[in-house]
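Shown next, in structure tokens, is the structure this report addresses.
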Amino acid sequence: MIRYIGRRLLMALPVLLGTSLLIYAMVYALPGDPIRALAGDQPLPPEVVAQLRAEHNLDDPFLVQYVKYLGQLLQGNLGTDFAGNPVAETIGLRLPITARLAIVAIIFEIVIGITAGVLCALYKSSWFDNLVLVSTTMVVSVPVFVLAFLAQWLFGFQLGWFPVAGIANGWFSLILPGMVLAALSMAYVARLTRTSMVETLGADHVRTARSKGITELRVVTRHGLRNALIPVVTFIGADLGAMMGGAIVTESVFNIPGIGRAVFDAVRNQEGPVVVGIVTMMVFFFVFFNLVVDVLYGVLDPRIRYE
């Protein structure tokens with residue numbers, strides 16, 4: 001197991017390096033001058049523009065810029081934005097907010113998605129099964145920003161149940177955006193759980209367990225759900241990595257100052273070090289949670305061994 005984890009971590013290094021190079025190249029290719037965009041309508045003196053371009057290596061060729069950035073990155077320095085704020089400080093301020101939002105979304109995704117999928121499998125072709133299939137199809141078909149605005153209008157303005165923007169109310173402010181962020185994933189988890197549970201409940205070992213007189217609850221939970229959760233855990237693990245990376249649309253609509261909002265602002269201002277630093281962190285979370293999922297396979301199915 002230790003050797004397996006070590007190999008996976010070593011494999012993550014070229015992934016992080018390639019991702020940073022790709023993102024840096026995409027930001028470099030954006031049209032326009034980031035220094036002039038920073039100045040806005042008021043032009044900066046030529047000496048100030050020259051100083052800013054020299055500080056951020058903007059006059060160097062692309063590969064020289066990237067090598068210099070990579071050298072700083074290997075020293076633990078993620079660089080600074082054009083306002084002089086360290087990127088590490090920005091991540092430190094924004095990441096906990098996105099982490100709390102991701103936790104709320106994952107709770108909704110796991111509890112509602114898996115519960116709905118299991119009930120659909122147990123009561124296959126019932127009115128509840130048909131209702132879940134229809135509702136999940138509708139959720140998958142609607143863009144996230146439309147769901148966000150509808151949720152704000154219905155639960156925020158009309159019913160007044162939740163705040164519609166900001167994080168002034170702490171965890172309570174994250175319930176509505178968390179539901180919106182988890183909506184699409186809940187639909188996929190419900191469908192995936194249903195399909196996997198229907199297949200597992202029809203397997204030979206489940207029929208054998210029932211023939212031995214084991215209670216239905218134990219058959220469903222121990223012999224059915226445990227094996228059916230393997231593909232579901234795979235999806236949730238990858239989804240958690242994506243959520244930790246930041247939900248740009250959700251955070252923008254609900255005015256949440258998280259990682260996703262920081263990436264949006266950095267791309268708009270062409271701040272390459274900020275975008276590369278945050279996206280590299282996103283990739284790290286994605287790789288880490290996929291590694292956790294692979295380890296959980298052995299817990300859910302003892303037949304899986306790591307060579």
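Going through the structure tokens in order, the chains are called A, B, and so on, while each chain numbers its residues from 1 and the ligands are numbered from 1 in the order shown.
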
Alpha helix (DSSP H) call set, DSSP backbone run, range 73-204 of chain A, as a ChimeraX atom specification: /A:73-74,87-108,115-122,127-141,144-151,175-201,204

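Our summary of the geometry notes that CA of Glu271 in chain A is positioned 10.4 Å from CA of Gly79 in chain A.
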
Pick from A:Ser141, A:Ser125, A:Thr90, A:Asn169 nearest to Gly258 in chain A, counting only C-alpha atoms: A:Thr90

Ile256 in chain A environment, 8 Å, only C-alpha atoms, sequence neighbours closer than 5 positions dropped, as an MDAnalysis selection string: chainID A and resid 97 165:167 251 261

Interatomic distance (Å, one decimal) between CA of Tyr24 in chain A and CA of Ala242 in chain A: 19.7 Å

Residue nearest Gly92 in chain A among A:Ser196, A:Leu70, A:Thr115, A:Met281 (counting only C-alpha atoms): A:Met281

Atom-to-atom span, CA of Thr136 in chain A and CA of Asn255 in chain A, Å: 26.5 Å

Spatial neighbours of Val132 in chain A, 8 Å, only C-alpha atoms, chain gap at least 3 places, as a compact mmCIF listing (two decimals) with N, CA and C atoms, in the first residue's frame:
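Resulting contents of selection_21.txt:
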```
# COMPACT_ATOMS: atom_id res chain seq x y z
N ALA A 116 -31.73 8.74 -2.45
CA ALA A 116 -32.70 8.66 -3.56
C ALA A 116 -32.38 7.48 -4.48
N CYS A 120 -34.86 4.28 -5.12
CA CYS A 120 -35.30 3.99 -6.48
C CYS A 120 -35.01 2.54 -6.85
N PHE A 128 -42.15 6.86 -7.09
CA PHE A 128 -40.98 7.56 -6.58
C PHE A 128 -39.81 7.41 -7.56
N ASP A 129 -39.63 6.22 -8.10
CA ASP A 129 -38.57 5.99 -9.07
C ASP A 129 -38.77 6.87 -10.30
N SER A 135 -37.09 14.21 -12.40
CA SER A 135 -36.49 15.39 -11.77
C SER A 135 -34.99 15.48 -12.04
N THR A 136 -34.29 14.35 -12.02
CA THR A 136 -32.85 14.39 -12.30
C THR A 136 -32.58 14.76 -13.75
```

Closest of A:Ile278, A:Met11, A:Val198, A:Gly178 to Phe108 in chain A - atom-to-atom distances counting only C-alpha atoms: A:Gly178

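When only C-alpha atoms are used to measure the gap to Ile114 in chain A, the shortest distance among A:Phe286, A:Phe235, A:Phe264, A:Phe254 belongs to A:Phe235.
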
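Remark: for Leu217 in chain A, the closest of the candidate residues A:Leu122, A:Ile230, A:Met26, A:Ile106 is A:Leu122 (distances computed over only C-alpha atoms).
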
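The shortest atom-to-atom distance to Val206 in chain A, with only C-alpha atoms taken into account, belongs to A:Leu225 out of A:Ala12, A:Met179, A:Leu225, A:Val189.
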